[in-house]
Amino acid sequence: MWTEKMALDTIYDFDYVLKRLAMDPLHVVDLDEKYIYIPVLLPSGKHVVRLTSLGTTTQPVVELASDSLEEKSKLIDHVFDLFRWQVNLSDKANHFKGTNLESLFIRRYPGTPVVKEFHPYASLMKTIIHQQLNMAFAHTLTRRFVEQYGSKVEGVWFYPTPEEVASISYEDLRQLQFSQRKAEYVINTSRLIVDGELNLEQLAQESDEQVMKTLVKIRGIGNWTAENWLLFGAGREDLLPKKDIGIQNALKHYFGMDRKPTLQEIDDMSKEWMPFRSYATLILWRTMEERQMG
DNA sequence: AACCAGGGAAGAT
DNA sequence: ATCTTCCATGGT
């Protein structure tokens, strides 16, 4: 067992990050002790890292711990990237000064980071499964999917591999209460990866525009899913999923509209957030999360 | 009971 | 290109 303590060179609201991660029942999170266990898939196999928050939003300190001695530096790099600690969020906040989101991002929700899903493929599967479902049922579906076809290591769930998903039948997923369409999307997309027609690691190196073009061609992946993969699978900073019902409702409420904004109106009001629209997306979702949780 | 949900495909215009 | 319609199923 090794541990590594680090002071972060940014503001960072770790309490909020944990609360958000705790919404997914597959995550092993303790909000009181402020830690989360993270599944990490390396060429050498499956590893688990415990991440604990020891600091505050303005002076964040984290501690990483794992039993995987031989991969220590790789695991640290990996988690550092997942939580995007290389990003200075004060710089991002400065970009929103003078915009219509200034008070939300700077005073109400400072230190709201982009946090990546734990694996690019898992992120894509989760995003497809979450299409057009309320969050409660969406999480139930992904939990069933992973508990049925994934694997548990040191108490932490890993999503199944593309090979494993490619080999299951539509009927198998129907039994978990997937719709026929959703079962096709999940399995067929996994088959594309197995067949080498879709390479997410390679895709993660390409521009947002190229990624969108590639992903949207795939049956079952529309704009919303592609944008969400860029945001949570690749950690990109300029995504605003306009078709997202949560974003539309958040904009409606925050700007006091009597209806949801049109896609054109969203384009207009979000121009000044570029090229960091992902942070706007996150704080807008955050307003709705607090509305729901009270 | 009706409407909604952190959409997408297919068809029509 | 942009707009309907249908799909599907649990939550509220």
# chains A, B, ... in the order shown; residues from 1 in each chain; ligands from 1

$ interface_residues --of "chain C" --to "chain A" --cutoff "9 Å" --atoms "only C-alpha atoms (C1' of nucleotides)" --output "list of chain:residue names"
C:DC7, C:DA8, C:DT9, C:DG10, C:DG11

$ write_last_selection --atoms "N, CA, C and O atoms (P, O5', C5', C4', C3', O3' and C1' of nucleotides)" --output "JSON list (two decimals), in the first residue's frame"
[["chain", "number", "residue", "atom", "x", "y", "z"],
["C", 7, "DC", "P", -44.58, 3.43, -32.54],
["C", 7, "DC", "O5'", -43.20, 3.20, -31.77],
["C", 7, "DC", "C5'", -42.01, 2.99, -32.52],
["C", 7, "DC", "C4'", -40.81, 3.11, -31.61],
["C", 7, "DC", "C3'", -40.99, 2.39, -30.26],
["C", 7, "DC", "O3'", -39.97, 1.44, -30.12],
["C", 7, "DC", "C1'", -40.10, 4.57, -29.97],
["C", 8, "DA", "P", -40.36, -0.03, -29.54],
["C", 8, "DA", "O5'", -39.88, 0.01, -28.04],
["C", 8, "DA", "C5'", -39.33, 1.15, -27.58],
["C", 8, "DA", "C4'", -39.05, 1.16, -26.13],
["C", 8, "DA", "C3'", -40.05, 0.45, -25.21],
["C", 8, "DA", "O3'", -39.30, -0.21, -24.23],
["C", 8, "DA", "C1'", -40.01, 2.78, -24.75],
["C", 9, "DT", "P", -40.04, -1.31, -23.28],
["C", 9, "DT", "O5'", -39.98, -0.57, -21.86],
["C", 9, "DT", "C5'", -38.73, -0.15, -21.36],
["C", 9, "DT", "C4'", -38.96, 0.81, -20.23],
["C", 9, "DT", "C3'", -40.14, 0.46, -19.32],
["C", 9, "DT", "O3'", -39.71, 0.55, -17.99],
["C", 9, "DT", "C1'", -40.24, 2.69, -19.94],
["C", 10, "DG", "P", -40.60, -0.19, -16.82],
["C", 10, "DG", "O5'", -40.13, 0.63, -15.53],
["C", 10, "DG", "C5'", -38.74, 0.84, -15.38],
["C", 10, "DG", "C4'", -38.48, 2.23, -14.85],
["C", 10, "DG", "C3'", -39.17, 2.54, -13.52],
["C", 10, "DG", "O3'", -38.27, 3.27, -12.72],
["C", 10, "DG", "C1'", -39.84, 4.13, -15.13],
["C", 11, "DG", "P", -38.55, 3.44, -11.13],
["C", 11, "DG", "O5'", -38.45, 5.01, -10.98],
["C", 11, "DG", "C5'", -38.89, 5.82, -12.02],
["C", 11, "DG", "C4'", -38.70, 7.27, -11.70],
["C", 11, "DG", "C3'", -39.28, 7.73, -10.37],
["C", 11, "DG", "O3'", -38.69, 8.97, -10.01],
["C", 11, "DG", "C1'", -40.71, 8.38, -12.15]]

$ interface_residues --of "chain A" --to "chain B" --cutoff "8 Å" --atoms "only C-alpha atoms (C1' of nucleotides)" --output "list in words"
His130, Gln131, Gln132, Leu133, Asn134, Met135, Gly220, Ile221, Gly222, Trp224, Lys243, Asp244, Ile245, Gly246 and Ile247 of chain A

$ closest_residue --among "A:Asp81, A:Glu117, A:Glu184, A:Glu4" --to "Ile168 in chain A" --atoms "only C-alpha atoms"
A:Glu184

$ atom_distance --atom1 "CA of Asp91 in chain A" --atom2 "CA of Ile283 in chain A"
15.8 Å

$ select_by_dssp --residues "range 39-256 of chain A" --states "helix (DSSP H, G or I)" --output "VMD selection string"
chain A and resid 69 to 82 89 to 95 102 to 108 120 to 129 135 to 149 162 to 166 170 to 175 180 to 194 200 to 203 208 to 216 223 to 233 245 to 254

$ closest_residue --among "A:Gly256, A:Pro261, A:Gly233, A:Gly55" --to "Lys116 in chain A" --atoms "only C-alpha atoms"
A:Gly233

$ residues_around --residues "Val62 in chain A" --least-positions-apart "5" --cutoff "7 Å" --atoms "only C-alpha atoms (C1' of nucleotides)" --output "compact mmCIF listing (two decimals) with N, CA and C atoms, in the first residue's frame"
# COMPACT_ATOMS: atom_id res chain seq x y z
N LYS A 5 0.35 12.35 -0.97
CA LYS A 5 -0.44 13.55 -0.65
C LYS A 5 0.00 14.69 -1.57
N MET A 6 -1.00 15.43 -2.08
CA MET A 6 -0.68 16.52 -3.01
C MET A 6 -1.52 17.75 -2.70
N ALA A 7 -0.89 18.91 -2.72
CA ALA A 7 -1.63 20.17 -2.70
C ALA A 7 -1.88 20.58 -4.15
N LEU A 51 -9.15 7.89 -3.41
CA LEU A 51 -8.87 9.33 -3.45
C LEU A 51 -9.60 9.99 -2.29
N THR A 52 -8.85 10.69 -1.45
CA THR A 52 -9.43 11.35 -0.27
C THR A 52 -9.16 12.84 -0.33
N SER A 53 -10.16 13.63 0.05
CA SER A 53 -9.99 15.08 0.12
C SER A 53 -9.60 15.48 1.53
N LEU A 54 -8.50 16.22 1.65
CA LEU A 54 -8.03 16.64 2.97
C LEU A 54 -8.10 18.15 3.13
N GLY A 55 -8.42 18.87 2.05
CA GLY A 55 -8.34 20.33 2.10
C GLY A 55 -9.68 21.00 1.96

$ closest_residue --among "A:Leu101, A:Ala183, A:Ser44, A:Arg107" --to "Phe255 in chain A" --atoms "only C-alpha atoms"
A:Leu101

$ select_by_dssp --residues "range 34-127 of chain A" --states "strand (DSSP E)" --output "count of residues only"
23

$ atom_distance --atom1 "CA of Gln264 in chain A" --atom2 "CA of Gly98 in chain A"
22.0 Å

$ closest_residue --among "A:Glu163, A:Lys92, A:Thr99, A:Lys152" --to "Asp195 in chain A" --atoms "only C-alpha atoms"
A:Glu163

$ atom_distance --atom1 "CA of Lys126 in chain A" --atom2 "CA of Lys217 in chain A"
18.5 Å
